[in-house]
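> I'm passing along run.txt; it holds compact mmCIF, C-alpha atoms (C1' of nucleotides).
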```txt
# COMPACT_ATOMS: atom_id res chain seq x y z
CA MET A 21 -59.83 -152.74 172.31
CA ARG A 22 -57.51 -152.06 169.42
CA ALA A 23 -60.26 -152.76 166.95
CA TYR A 24 -62.53 -150.29 168.71
CA TRP A 25 -59.70 -147.81 168.94
CA GLN A 26 -58.54 -147.87 165.36
CA ASN A 27 -62.00 -147.73 163.82
CA ASP A 28 -65.32 -146.34 164.91
CA PRO A 29 -66.49 -148.75 167.63
CA LEU A 30 -69.99 -148.74 166.19
CA ASP A 31 -68.72 -149.79 162.78
CA VAL A 32 -66.78 -152.80 163.98
CA SER A 33 -68.82 -155.97 163.79
CA LEU A 34 -68.37 -158.98 166.00
CA ASN A 35 -67.40 -161.03 162.98
CA ALA A 36 -64.62 -158.59 162.21
CA ILE A 37 -63.37 -158.73 165.78
CA CYS A 38 -63.36 -162.51 165.76
CA GLU A 39 -61.30 -162.48 162.62
CA MET A 40 -58.78 -159.97 164.01
CA ALA A 41 -58.53 -161.81 167.31
CA GLY A 42 -58.37 -165.24 165.71
CA ALA A 43 -61.18 -166.38 167.97
CA SER A 44 -64.43 -168.09 167.15
CA LYS A 45 -67.67 -166.29 167.76
CA PRO A 46 -68.96 -168.65 170.46
CA ALA A 47 -65.63 -168.32 172.27
CA LEU A 48 -66.11 -164.60 172.32
CA TYR A 49 -69.63 -165.01 173.65
CA ARG A 50 -68.48 -167.39 176.35
CA ALA A 51 -65.96 -164.80 177.49
CA PHE A 52 -68.07 -161.65 177.32
CA GLY A 53 -71.69 -162.73 177.09
CA SER A 54 -72.72 -160.27 174.42
CA GLU A 55 -71.46 -157.53 172.19
CA ASP A 56 -72.34 -155.11 174.93
CA GLY A 57 -70.20 -157.06 177.38
CA LEU A 58 -67.30 -157.07 174.97
CA MET A 59 -67.49 -153.35 174.37
CA ARG A 60 -67.73 -152.71 178.05
CA ALA A 61 -64.67 -154.87 178.67
CA ALA A 62 -62.76 -153.10 175.92
CA LEU A 63 -63.72 -149.73 177.37
CA ASP A 64 -62.66 -150.87 180.84
CA ARG A 65 -59.30 -151.90 179.51
CA TYR A 66 -58.94 -148.63 177.62
CA ALA A 67 -59.77 -146.62 180.72
CA ASP A 68 -57.23 -148.56 182.68
CA ARG A 69 -54.49 -148.35 180.08
CA VAL A 70 -54.91 -144.93 178.51
CA LEU A 71 -57.34 -142.69 180.32
CA SER A 72 -55.56 -143.32 183.57
CA ASP A 73 -52.66 -141.31 182.20
CA VAL A 74 -54.86 -138.25 182.01
CA PHE A 75 -56.22 -138.75 185.49
CA ASP A 76 -52.66 -139.16 186.72
CA LEU A 77 -51.74 -135.91 185.03
CA LEU A 78 -54.51 -134.12 186.90
CA ALA A 79 -53.52 -135.75 190.17
CA GLN A 80 -50.06 -134.26 189.82
CA ALA A 81 -51.64 -130.87 190.43
CA ALA A 82 -49.17 -129.00 188.26
CA PRO A 83 -49.80 -125.32 187.46
CA LEU A 84 -52.73 -124.68 185.17
CA LYS A 85 -50.68 -123.50 182.23
CA THR A 86 -48.45 -126.54 182.47
CA THR A 87 -51.33 -128.97 182.65
CA LEU A 88 -53.23 -127.34 179.82
CA ALA A 89 -50.12 -127.38 177.65
CA ALA A 90 -49.66 -131.06 178.42
CA LEU A 91 -53.26 -131.77 177.50
CA VAL A 92 -52.90 -129.85 174.27
CA ARG A 93 -49.82 -131.85 173.42
CA PHE A 94 -51.49 -135.10 174.38
CA ALA A 95 -54.74 -134.61 172.49
CA GLY A 96 -53.20 -132.73 169.62
CA THR A 97 -50.03 -134.51 168.66
CA ASP A 98 -49.47 -137.68 170.68
CA PRO A 99 -49.30 -140.48 168.13
CA LYS A 100 -51.16 -142.66 170.59
CA MET A 101 -54.21 -140.49 169.94
CA GLU A 102 -53.81 -140.53 166.19
CA THR A 103 -57.01 -142.48 165.72
CA GLY A 104 -58.92 -140.70 168.43
CA CYS A 105 -60.16 -141.96 171.74
CA VAL A 106 -62.31 -145.00 172.40
CA PHE A 107 -64.21 -143.25 175.16
CA TYR A 108 -65.17 -140.23 173.12
CA LYS A 109 -65.96 -142.36 170.11
CA MET A 110 -68.36 -144.43 172.16
CA ARG A 111 -69.83 -141.37 173.82
CA ALA A 112 -70.49 -139.84 170.41
CA GLY A 113 -72.79 -142.75 169.56
CA LYS A 114 -74.15 -143.20 173.06
CA HIS A 115 -77.66 -143.91 171.89
CA ARG A 116 -76.55 -147.00 170.03
CA LEU A 117 -74.65 -148.60 172.88
CA GLY A 118 -75.79 -151.48 175.01
CA PRO A 119 -76.75 -150.77 178.61
CA GLN A 120 -73.47 -151.92 180.16
CA THR A 121 -71.29 -149.93 177.82
CA ARG A 122 -73.48 -146.88 178.04
CA SER A 123 -73.49 -146.79 181.79
CA ARG A 124 -69.71 -147.22 181.82
CA VAL A 125 -69.39 -144.33 179.37
CA GLU A 126 -71.50 -142.16 181.61
CA GLU A 127 -69.43 -143.22 184.59
CA ILE A 128 -66.21 -142.23 182.89
CA ASP A 129 -67.71 -138.97 181.71
CA ALA A 130 -68.77 -138.07 185.22
CA ALA A 131 -65.40 -139.12 186.60
CA ALA A 132 -63.62 -136.96 184.05
CA VAL A 133 -65.66 -133.89 184.92
CA GLN A 134 -65.20 -134.58 188.59
CA GLY A 135 -61.46 -135.06 188.07
CA PHE A 136 -61.13 -131.71 186.35
CA GLU A 137 -63.25 -130.04 189.01
CA ALA A 138 -61.02 -131.39 191.74
CA TYR A 139 -57.95 -130.28 189.83
CA LEU A 140 -59.28 -126.77 189.27
CA ASP A 141 -60.37 -126.38 192.87
CA ALA A 142 -56.93 -127.46 194.02
CA ARG A 143 -55.32 -125.01 191.63
CA ARG A 144 -57.45 -122.18 192.93
CA GLU A 145 -56.54 -122.99 196.50
CA ASP A 146 -52.89 -122.93 195.49
CA GLY A 147 -53.33 -119.41 194.24
CA ASP A 148 -53.08 -120.32 190.57
CA GLU A 149 -54.76 -117.89 188.24
CA VAL A 150 -57.90 -119.55 186.93
CA ALA A 151 -60.52 -117.70 184.95
CA ASP A 152 -63.40 -116.52 187.09
CA LEU A 153 -65.94 -119.17 186.16
CA PRO A 154 -67.96 -121.77 188.01
CA THR A 155 -65.68 -124.77 188.43
CA ALA A 156 -68.33 -127.14 187.13
CA LEU A 157 -68.64 -125.14 183.93
CA ALA A 158 -64.90 -124.94 183.39
CA ALA A 159 -64.51 -128.68 183.98
CA ARG A 160 -67.29 -129.56 181.58
CA TYR A 161 -65.80 -127.16 179.06
CA LEU A 162 -62.43 -128.86 179.26
CA VAL A 163 -63.94 -132.30 178.81
CA GLU A 164 -65.88 -131.17 175.76
CA GLN A 165 -62.98 -129.35 174.14
CA ILE A 166 -60.71 -132.34 174.56
CA GLY A 167 -63.44 -134.48 173.06
CA LEU A 168 -63.69 -132.16 170.11
CA ALA A 169 -59.96 -132.30 169.54
CA LEU A 170 -59.82 -136.08 169.74
CA THR A 171 -62.79 -136.41 167.44
CA GLN A 172 -61.03 -134.19 164.93
CA ARG A 173 -57.90 -136.28 165.16
CA ALA A 174 -59.91 -139.44 164.61
CA SER A 175 -61.28 -138.01 161.40
CA GLY A 176 -57.83 -137.18 160.12
CA VAL A 177 -57.58 -133.45 160.70
CA ASP A 178 -54.04 -132.10 160.60
CA PRO A 179 -52.56 -132.49 164.11
CA VAL A 180 -51.16 -128.98 164.10
CA ALA A 181 -54.60 -127.56 163.35
CA VAL A 182 -56.13 -129.63 166.12
CA GLN A 183 -53.48 -128.48 168.53
CA THR A 184 -53.96 -124.84 167.60
CA THR A 185 -57.71 -125.01 167.92
CA LEU A 186 -57.54 -126.71 171.29
CA ALA A 187 -54.98 -124.23 172.59
CA LEU A 188 -57.26 -121.44 171.48
CA ALA A 189 -60.20 -122.97 173.28
CA PHE A 190 -58.13 -123.47 176.42
CA SER A 191 -56.80 -119.94 176.37
CA VAL A 192 -60.07 -118.73 177.83
CA LEU A 193 -59.33 -120.50 181.10
CA ALA A 194 -55.86 -119.16 181.77
CA PRO A 195 -55.74 -115.37 181.96
CA ALA A 196 -52.44 -115.04 180.11
CA ARG A 197 -51.99 -116.46 176.62
CA MET A 198 -50.31 -119.83 176.62
CA SER A 199 -46.66 -119.70 175.68
CA ASP A 200 -46.59 -122.29 172.88
CA ALA A 201 -49.24 -124.14 171.00
CA MET B 20 -85.04 -134.48 155.52
CA ARG B 21 -87.07 -134.57 158.71
CA ALA B 22 -86.19 -138.18 159.27
CA TYR B 23 -82.51 -137.38 158.94
CA TRP B 24 -82.93 -134.34 161.13
CA GLN B 25 -84.79 -135.92 164.00
CA ASN B 26 -82.59 -138.99 164.22
CA ASP B 27 -79.00 -139.74 163.39
CA PRO B 28 -78.93 -139.84 159.57
CA LEU B 29 -76.76 -142.94 159.64
CA ASP B 30 -79.26 -144.78 161.80
CA VAL B 31 -82.24 -144.14 159.57
CA SER B 32 -82.81 -146.96 157.11
CA LEU B 33 -84.44 -146.63 153.75
CA ASN B 34 -87.23 -148.89 154.92
CA ALA B 35 -87.92 -146.54 157.81
CA ILE B 36 -87.99 -143.56 155.48
CA CYS B 37 -90.37 -145.29 153.11
CA GLU B 38 -92.70 -145.99 155.98
CA MET B 39 -92.59 -142.40 157.27
CA ALA B 40 -93.06 -140.96 153.80
CA GLY B 41 -95.77 -143.42 152.84
CA ALA B 42 -93.83 -144.25 149.69
CA SER B 43 -92.78 -147.58 148.28
CA LYS B 44 -89.12 -148.41 148.04
CA PRO B 45 -88.97 -148.53 144.25
CA ALA B 46 -90.70 -145.15 144.10
CA LEU B 47 -87.97 -143.75 146.29
CA TYR B 48 -85.32 -145.28 144.07
CA ARG B 49 -86.92 -143.92 140.93
CA ALA B 50 -86.82 -140.44 142.45
CA PHE B 51 -83.33 -140.45 143.96
CA GLY B 52 -81.43 -143.35 142.43
CA SER B 53 -79.85 -144.59 145.62
CA GLU B 54 -79.63 -143.99 149.32
CA ASP B 55 -76.71 -141.70 148.62
CA GLY B 56 -78.85 -139.68 146.23
CA LEU B 57 -81.61 -139.41 148.78
CA MET B 58 -79.28 -138.23 151.50
CA ARG B 59 -77.71 -135.75 149.20
CA ALA B 60 -81.13 -134.42 148.25
CA ALA B 61 -82.14 -134.19 151.89
CA LEU B 62 -78.94 -132.34 152.70
CA ASP B 63 -79.47 -129.98 149.77
CA ARG B 64 -82.94 -129.19 151.03
CA TYR B 65 -81.66 -128.69 154.54
CA ALA B 66 -78.94 -126.35 153.37
CA ASP B 67 -81.48 -124.36 151.43
CA ARG B 68 -84.05 -124.19 154.19
CA VAL B 69 -82.01 -123.95 157.38
CA LEU B 70 -78.33 -123.31 156.82
CA SER B 71 -79.13 -120.41 154.57
CA ASP B 72 -80.37 -118.55 157.65
CA VAL B 73 -76.88 -118.68 159.10
CA PHE B 74 -75.26 -117.54 155.90
CA ASP B 75 -77.76 -114.71 155.76
CA LEU B 76 -76.85 -113.75 159.29
CA LEU B 77 -73.20 -113.49 158.30
CA ALA B 78 -74.04 -111.52 155.19
CA GLN B 79 -75.73 -108.90 157.33
CA ALA B 80 -72.27 -108.00 158.59
CA ALA B 81 -73.49 -106.99 162.04
CA PRO B 82 -70.94 -106.23 164.77
CA LEU B 83 -69.01 -109.24 166.02
CA LYS B 84 -70.56 -109.31 169.46
CA THR B 85 -74.04 -109.11 167.98
CA THR B 86 -73.43 -111.88 165.51
CA LEU B 87 -71.79 -114.16 168.06
CA ALA B 88 -74.67 -113.61 170.46
CA ALA B 89 -77.10 -114.49 167.70
CA LEU B 90 -75.18 -117.64 166.91
CA VAL B 91 -75.12 -118.62 170.56
CA ARG B 92 -78.86 -118.11 170.76
CA PHE B 93 -79.42 -120.01 167.53
CA ALA B 94 -77.26 -123.04 168.32
CA GLY B 95 -77.98 -123.07 172.01
CA THR B 96 -81.67 -122.48 172.43
CA ASP B 97 -83.51 -122.25 169.14
CA PRO B 98 -86.09 -125.05 169.25
CA LYS B 99 -85.43 -125.61 165.58
CA MET B 100 -82.04 -126.97 166.57
CA GLU B 101 -83.37 -129.12 169.36
CA THR B 102 -82.41 -132.30 167.58
CA GLY B 103 -79.15 -130.97 166.21
CA CYS B 104 -78.14 -130.20 162.68
CA VAL B 105 -78.31 -132.50 159.68
CA PHE B 106 -75.08 -131.15 158.26
CA TYR B 107 -73.03 -131.70 161.39
CA LYS B 108 -74.62 -135.07 161.99
CA MET B 109 -73.63 -136.19 158.53
CA ARG B 110 -70.18 -134.69 158.86
CA ALA B 111 -69.66 -136.60 162.10
CA GLY B 112 -70.04 -139.87 160.22
CA LYS B 113 -68.40 -138.70 157.02
CA HIS B 114 -66.58 -141.96 156.42
CA ARG B 115 -69.85 -143.83 156.10
CA LEU B 116 -71.47 -141.54 153.57
CA GLY B 117 -71.89 -142.19 149.90
CA PRO B 118 -69.77 -140.18 147.48
CA GLN B 119 -72.46 -137.64 146.56
CA THR B 120 -73.42 -136.88 150.11
CA ARG B 121 -69.84 -136.77 151.29
CA SER B 122 -68.76 -134.32 148.65
CA ARG B 123 -71.78 -132.13 149.41
CA VAL B 124 -70.86 -132.19 153.09
CA GLU B 125 -67.34 -131.11 152.26
CA GLU B 126 -68.70 -128.40 150.03
CA ILE B 127 -70.89 -127.02 152.78
CA ASP B 128 -68.07 -127.26 155.28
CA ALA B 129 -65.77 -125.28 153.03
CA ALA B 130 -68.51 -122.76 152.30
CA ALA B 131 -69.13 -122.30 156.01
CA VAL B 132 -65.47 -121.64 156.76
CA GLN B 133 -65.25 -119.30 153.80
CA GLY B 134 -68.40 -117.52 154.92
CA PHE B 135 -67.01 -116.91 158.38
CA GLU B 136 -63.69 -115.79 156.92
CA ALA B 137 -65.42 -113.25 154.72
CA TYR B 138 -67.48 -112.06 157.66
CA LEU B 139 -64.45 -111.67 159.92
CA ASP B 140 -62.44 -109.89 157.27
CA ALA B 141 -65.30 -107.48 156.71
CA ARG B 142 -65.58 -106.89 160.45
CA ARG B 143 -61.89 -106.13 160.69
CA GLU B 144 -62.09 -103.64 157.87
CA ASP B 145 -65.00 -101.98 159.63
CA GLY B 146 -62.81 -101.46 162.66
CA ASP B 147 -64.54 -104.05 164.80
CA GLU B 148 -62.43 -105.50 167.56
CA VAL B 149 -61.54 -109.04 166.57
CA ALA B 150 -59.01 -111.12 168.45
CA ASP B 151 -55.59 -111.04 166.85
CA LEU B 152 -55.68 -114.41 165.14
CA PRO B 153 -55.32 -115.67 161.59
CA THR B 154 -58.76 -115.32 160.01
CA ALA B 155 -58.68 -118.88 158.72
CA LEU B 156 -58.08 -120.22 162.21
CA ALA B 157 -60.81 -118.12 163.76
CA ALA B 158 -63.28 -119.18 161.08
CA ARG B 159 -62.47 -122.85 161.47
CA TYR B 160 -62.73 -122.42 165.23
CA LEU B 161 -66.21 -120.96 164.94
CA VAL B 162 -67.39 -123.75 162.67
CA GLU B 163 -66.10 -126.39 165.05
CA GLN B 164 -67.51 -124.78 168.16
CA ILE B 165 -70.93 -124.44 166.61
CA GLY B 166 -70.69 -128.06 165.57
CA LEU B 167 -69.86 -129.06 169.10
CA ALA B 168 -72.81 -127.13 170.46
CA LEU B 169 -75.25 -128.63 167.96
CA THR B 170 -73.92 -132.10 168.59
CA GLN B 171 -74.49 -131.60 172.28
CA ARG B 172 -78.02 -130.43 171.66
CA ALA B 173 -78.70 -133.46 169.50
CA SER B 174 -77.66 -135.70 172.35
CA GLY B 175 -80.01 -133.99 174.75
CA VAL B 176 -77.68 -131.79 176.76
CA ASP B 177 -79.45 -129.03 178.67
CA PRO B 178 -79.81 -126.03 176.30
CA VAL B 179 -78.62 -123.59 178.92
CA ALA B 180 -75.44 -125.58 179.42
CA VAL B 181 -74.86 -125.71 175.68
CA GLN B 182 -75.41 -122.00 175.40
CA THR B 183 -73.04 -121.25 178.24
CA THR B 184 -70.32 -123.48 176.87
CA LEU B 185 -70.59 -122.00 173.42
CA ALA B 186 -70.54 -118.46 174.76
CA LEU B 187 -67.42 -119.33 176.71
CA ALA B 188 -65.75 -120.72 173.62
CA PHE B 189 -66.69 -117.65 171.60
CA SER B 190 -65.47 -115.27 174.24
CA VAL B 191 -61.93 -115.85 173.06
CA LEU B 192 -62.70 -114.09 169.78
CA ALA B 193 -64.20 -110.88 171.11
CA PRO B 194 -61.83 -108.96 173.39
CA ALA B 195 -64.52 -107.93 175.87
CA ARG B 196 -66.69 -110.49 177.60
CA MET B 197 -70.04 -110.95 175.97
CA SER B 198 -72.89 -109.16 177.71
CA ASP B 199 -75.34 -112.03 178.05
CA ALA B 200 -75.09 -115.74 177.53
C1' DG C 27 -112.66 -147.20 123.07
C1' DA C 28 -108.40 -149.65 121.78
C1' DT C 29 -103.54 -149.65 122.25
C1' DT C 30 -99.33 -148.17 123.61
C1' DT C 31 -96.64 -146.25 127.32
C1' DA C 32 -95.32 -145.17 131.73
C1' DA C 33 -95.58 -145.34 136.58
C1' DC C 34 -96.35 -148.23 140.46
C1' DG C 35 -95.60 -151.50 144.39
C1' DT C 36 -95.29 -156.66 145.85
C1' DA C 37 -92.22 -159.75 146.64
C1' DC C 38 -87.89 -161.02 146.22
C1' DC C 39 -82.32 -160.98 146.21
C1' DG C 40 -77.64 -161.48 148.39
C1' DA C 41 -74.89 -159.75 151.97
C1' DG C 42 -74.12 -158.91 156.65
C1' DT C 43 -75.72 -158.42 161.49
C1' DG C 44 -75.89 -160.24 166.55
C1' DG C 45 -76.57 -164.55 168.59
C1' DT C 46 -76.90 -169.86 169.40
C1' DA C 47 -77.71 -175.30 168.87
C1' DC C 48 -75.12 -178.99 168.95
C1' DG C 49 -71.76 -182.36 167.74
C1' DA C 50 -66.70 -182.94 167.96
C1' DA C 51 -62.51 -182.53 170.32
C1' DT C 52 -60.12 -182.06 174.66
C1' DA C 53 -59.11 -182.22 179.36
C1' DT C 54 -60.04 -184.13 184.08
C1' DC C 55 -60.45 -187.81 187.20
C1' DG C 56 -61.31 -192.54 189.14
C1' DC D 30 -57.60 -197.12 180.16
C1' DG D 31 -62.47 -195.73 180.21
C1' DA D 32 -65.94 -192.55 181.78
C1' DT D 33 -67.27 -188.01 182.70
C1' DA D 34 -67.18 -183.09 182.45
C1' DT D 35 -65.87 -179.19 179.86
C1' DT D 36 -64.38 -176.48 176.31
C1' DC D 37 -64.41 -175.67 171.42
C1' DG D 38 -65.88 -174.13 166.73
C1' DT D 39 -68.96 -175.32 162.50
C1' DA D 40 -72.94 -174.30 160.78
C1' DC D 41 -76.92 -172.42 161.39
C1' DC D 42 -80.90 -169.04 163.14
C1' DA D 43 -83.96 -164.84 162.45
C1' DC D 44 -83.54 -160.33 161.16
C1' DT D 45 -82.32 -156.04 158.71
C1' DC D 46 -79.90 -153.81 155.34
C1' DG D 47 -79.66 -151.52 150.43
C1' DG D 48 -81.31 -152.61 146.04
C1' DT D 49 -84.21 -154.71 142.08
C1' DA D 50 -87.19 -158.04 138.74
C1' DC D 51 -91.37 -158.04 137.12
C1' DG D 52 -96.37 -158.38 136.94
C1' DT D 53 -100.05 -155.02 137.47
C1' DT D 54 -102.41 -150.88 137.28
C1' DA D 55 -103.10 -146.32 135.59
C1' DA D 56 -102.39 -142.73 132.22
C1' DA D 57 -101.58 -140.91 127.88
C1' DT D 58 -102.08 -141.25 122.74
C1' DC D 59 -104.50 -141.94 118.65
```
Before we go any further, please render this structure as C-alpha cells.

Amino acid sequence: MRAYWQNDPLDVSLNAICEMAGASKPALYRAFGSEDGLMRAALDRYADRVLSDVFDLLAQAAPLKTTLAALVRFAGTDPKMETGCVFYKMRAGKHRLGPQTRSRVEEIDAAAVQGFEAYLDARREDGDEVADLPTALAARYLVEQIGLALTQRASGVDPVAVQTTLALAFSVLAPARMSDA
Amino acid sequence: MRAYWQNDPLDVSLNAICEMAGASKPALYRAFGSEDGLMRAALDRYADRVLSDVFDLLAQAAPLKTTLAALVRFAGTDPKMETGCVFYKMRAGKHRLGPQTRSRVEEIDAAAVQGFEAYLDARREDGDEVADLPTALAARYLVEQIGLALTQRASGVDPVAVQTTLALAFSVLAPARMSDA
DNA sequence: GATTTAACGTACCGAGTGGTACGAATATCG
DNA sequence: CGATATTCGTACCACTCGGTACGTTAAATC
C-alpha cells in the first residue's frame, strides 16, 4: 500500500514491491494470486485506513462550510496526502488496471459520490444553505475537485496553491465566501 | 501525433507507432533521434495544430462570459476533444517523460497560464466583470479546470456531464451565472 | 554505366515486465 | 525418529520495451 501510495501505482513493478517488502515473488503470488489481486488488496487497505476518515467526516453531518473547510485542509495541506491518494491515482489510470482493482475503484467512486449526495441531502433538510444545484451534480463536482487537488499534490504543486484552488472551486457550492482558505 | 492523441501517450510504444505509421524503427530513429524526440515533435505539432485555436480564442479578447462559454463548448463537447488532449495527457504523466518532452510540456503550461493572465487583465481593463481574485490564481484555475474536463472526456465521461461540471467550475469567475451550459 | 554515397529495414541487443516450475527447507504428525 | 504434507525462494519462462549493428538496396555523382 505504501509503495502504491508514495509512487504512481502503475509505475511500481512487482519486483520493486518484493524488494521493499522483503518478500519473494512466489510468496507474493501465493498471498494475492496476481498483481491485480495485490493492487486490489492494497486499495482495500487504503480505503479502510484512509478513505474511511473522509466518509466519517461526511457522516458527522457538520454544516456545509465547516465540512468544506475540513476537506480543503485535508486535501490541501494534510501531510498524509503529500504524495496524493491511492484511489485517485488508480482511477486516473483506470484503463490499465486489472479487473478486480478496476471494479473496486469504480465501487469506491460510486460510494464517494453517494456519500456526498447523502451528506448534501441531509444538509439541505437541516436548512443549511446549499447552492441550488442537482445534488448528484454537486456530489460529482466535489469528488472531481478533490481528485484534482490530490492529483496536484501528488505532482508536487505547492500546498498553498492547491488549497487556494480547491477553496475557489468549492466556493461555488456555499453561497457565502468561505472564511479562510 | 494521432497515436498519442487517441491513446494515453505513455501507453503507446514505439513499436506500435511504427506499425501504425508503416515505418521501420530505424527510420523513426533517424528522423527523431529517440522516443523523447518523437514525443516532443508530436507535441509540437499538436500545439501548432490544436492548442493554437485556444490561444487564438483568447487573443480575440471577447467578453468573459462569451469566452468561457466557448471554452466550455470546446472542452466539453467538441468531437475533436473526444479522446482528450495530448498536452494534458502528457502533463499528467510528467515524471515519466523524457527531458525534451517534459520541458516542452512545462513551456506550454506556462504559456497557457500566461495567455489566460493576459486575457483576464485585458478584460479587466475593458471593464468586464471579473471575479475579484488575483489574476495569476484565476488563470491557473482555468488551466486546471480545463485539464480536468479534458481528462474526464479522455476517460469516456458523458460529454454533457463534463460540460456541466466545467460550467459550474467556471461560474465562480463570472459574477452572474452563465446563460447556457 | 561504373562507383561512390546515402538511405533503408531485418534482425538483433540488454534490461525489465508479470508470472511459474520445481527442488530445497521446514513444519506437522504418527 | 522417520514419513508426510506444506511452505519457501532460486532460477527460469515468454514477452515487450527502447535502441542499434550491419548487410542490402537505392540514389546520386562523375
> At a cut-off of 12 Å, can you tabulate as a tab-separated table every residue of chain B near chain A together with its closest atom pair and the distance in Å to one decimal, using only C-alpha atoms and ordering rows by chain then number?

```
residue	atom	partner	partner_atom	distance
B:Asn26	CA	A:His115	CA	10.4
B:Asp27	CA	A:Gly113	CA	9.3
B:Leu29	CA	A:Gly113	CA	10.7
B:Asp30	CA	A:Arg116	CA	8.9
B:Lys108	CA	A:Ala112	CA	10.5
B:Arg110	CA	A:Ser175	CA	9.8
B:Ala111	CA	A:Ser175	CA	8.5
B:Gly112	CA	A:Ser175	CA	9.0
B:Lys113	CA	A:Ser175	CA	8.4
B:His114	CA	A:Ser175	CA	8.3
B:Arg115	CA	A:Asp31	CA	9.0
B:Ala150	CA	A:Leu188	CA	10.9
B:Asp151	CA	A:Leu188	CA	11.5
B:Leu152	CA	A:Leu188	CA	9.6
B:Pro153	CA	A:Thr184	CA	11.0
B:Ala155	CA	A:Ala181	CA	10.7
B:Leu156	CA	A:Thr185	CA	7.5
B:Ala157	CA	A:Thr185	CA	8.6
B:Ala158	CA	A:Thr185	CA	10.6
B:Arg159	CA	A:Thr185	CA	8.3
B:Tyr160	CA	A:Thr185	CA	6.3
B:Leu161	CA	A:Thr185	CA	9.9
B:Val162	CA	A:Thr185	CA	11.1
B:Glu163	CA	A:Leu168	CA	8.0
B:Gln164	CA	A:Leu168	CA	8.5
B:Ile165	CA	A:Leu168	CA	11.1
B:Gly166	CA	A:Leu168	CA	9.3
B:Leu167	CA	A:Leu168	CA	7.0
B:Ala168	CA	A:Glu164	CA	9.6
B:Thr170	CA	A:Ala112	CA	8.7
B:Gln171	CA	A:Glu164	CA	9.3
B:Ala173	CA	A:Ala112	CA	10.4
B:Ser174	CA	A:His115	CA	8.2
B:Gly175	CA	A:His115	CA	10.6
B:Val176	CA	A:Arg160	CA	11.7
B:Val179	CA	A:Leu157	CA	11.3
B:Ala180	CA	A:Leu157	CA	8.2
B:Val181	CA	A:Tyr161	CA	9.8
B:Gln182	CA	A:Leu157	CA	11.3
B:Thr183	CA	A:Leu157	CA	8.2
B:Thr184	CA	A:Tyr161	CA	6.2
B:Leu185	CA	A:Tyr161	CA	9.0
B:Ala186	CA	A:Tyr161	CA	10.8
B:Leu187	CA	A:Val192	CA	7.5
B:Ala188	CA	A:Ala189	CA	6.0
B:Phe189	CA	A:Ala189	CA	8.6
B:Ser190	CA	A:Val192	CA	7.3
B:Val191	CA	A:Val192	CA	5.9
B:Leu192	CA	A:Leu188	CA	9.3
B:Ala193	CA	A:Val192	CA	11.1
B:Pro194	CA	A:Val192	CA	10.9
B:Ala195	CA	A:Val192	CA	11.8
B:Arg196	CA	A:Val192	CA	10.6
```
> Give me, as a compact mmCIF listing (two decimals) with C-alpha atoms (C1' of nucleotides), in the coordinates of the input, the residues of chain D touching chain A, with the criterion being at most 10 Å (counting all atoms listed in the file).

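Once everything was written out, this is iface_16.txt:
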```txt
# COMPACT_ATOMS: atom_id res chain seq x y z
C1' DT D 36 -64.38 -176.48 176.31
C1' DC D 37 -64.41 -175.67 171.42
C1' DG D 38 -65.88 -174.13 166.73
C1' DT D 39 -68.96 -175.32 162.50
```
> Residues of chain C within 12 Å of chain B, using only C-alpha atoms (C1' of nucleotides), as a list in words?
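Here they are: DA33, DC34, DG35, DT36 and DA37 of chain C.
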> Report the distance between atom CA of B:Ser71 and atom CA of B:Ile36 in Å, rounded to one decimal place.
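Distance reported for this atom pair: 24.8 Å.
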> Might you pull out every residue within 7 Å of A:Val125, with all atoms listed in the file counted and same-chain residues fewer than 3 positions away left off, and present them as a short mmCIF file (atom, residue, chain, number, x, y, z; two decimals) with C-alpha atoms, keeping the file's coordinate frame?

```cif
data_model
loop_
_atom_site.label_atom_id
_atom_site.label_comp_id
_atom_site.auth_asym_id
_atom_site.auth_seq_id
_atom_site.Cartn_x
_atom_site.Cartn_y
_atom_site.Cartn_z
CA PHE A 107 -64.21 -143.25 175.16
CA ARG A 111 -69.83 -141.37 173.82
CA THR A 121 -71.29 -149.93 177.82
CA ARG A 122 -73.48 -146.88 178.04
CA ILE A 128 -66.21 -142.23 182.89
CA ASP A 129 -67.71 -138.97 181.71
#
```
> Could you jot down the atom CA of A:Arg60 to atom CA of A:Pro119 separation for me, Å, one decimal place?
9.2 Å
> Could you tell me how far atom CA of A:Phe94 lies from atom CA of A:Asp73, in Å and to one decimal?
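One can read the atom CA of A:Phe94 to atom CA of A:Asp73 distance as 10.1 Å.
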> Which neighbours of D:DC41 fall inside 12 Å, counting all atoms listed in the file, when residues of the same chain fewer than 2 positions from it are skipped, and could you give them as a ChimeraX atom specification?
/C:45-48 /D:39,43
> Give me the residues near B:Tyr23 as a list in words, where near means some atom within 12 Å (using all atoms listed in the file) and where sequence neighbours in that chain fewer than 6 positions away do not count.
Leu29, Asp30, Val31, Ser32, Leu33, Ala35, Ile36, Met39, Leu57, Met58, Arg59, Ala60, Ala61, Leu62, Arg64, Tyr65, Thr102, Gly103, Cys104, Val105, Phe106, Tyr107, Lys108, Met109 and Ala173 of chain B
> Can you tell me, as lines of an AutoDock Vina configuration file, the centre and edge lengths (Å, one decimal) of the axis-aligned box enclosing all of stretch 51-68 of chain A's listed atoms after padding each side by 5 Å?

```
center_x = -65.0
center_y = -155.7
center_z = 177.4
size_x = 25.5
size_y = 28.2
size_z = 20.5
```
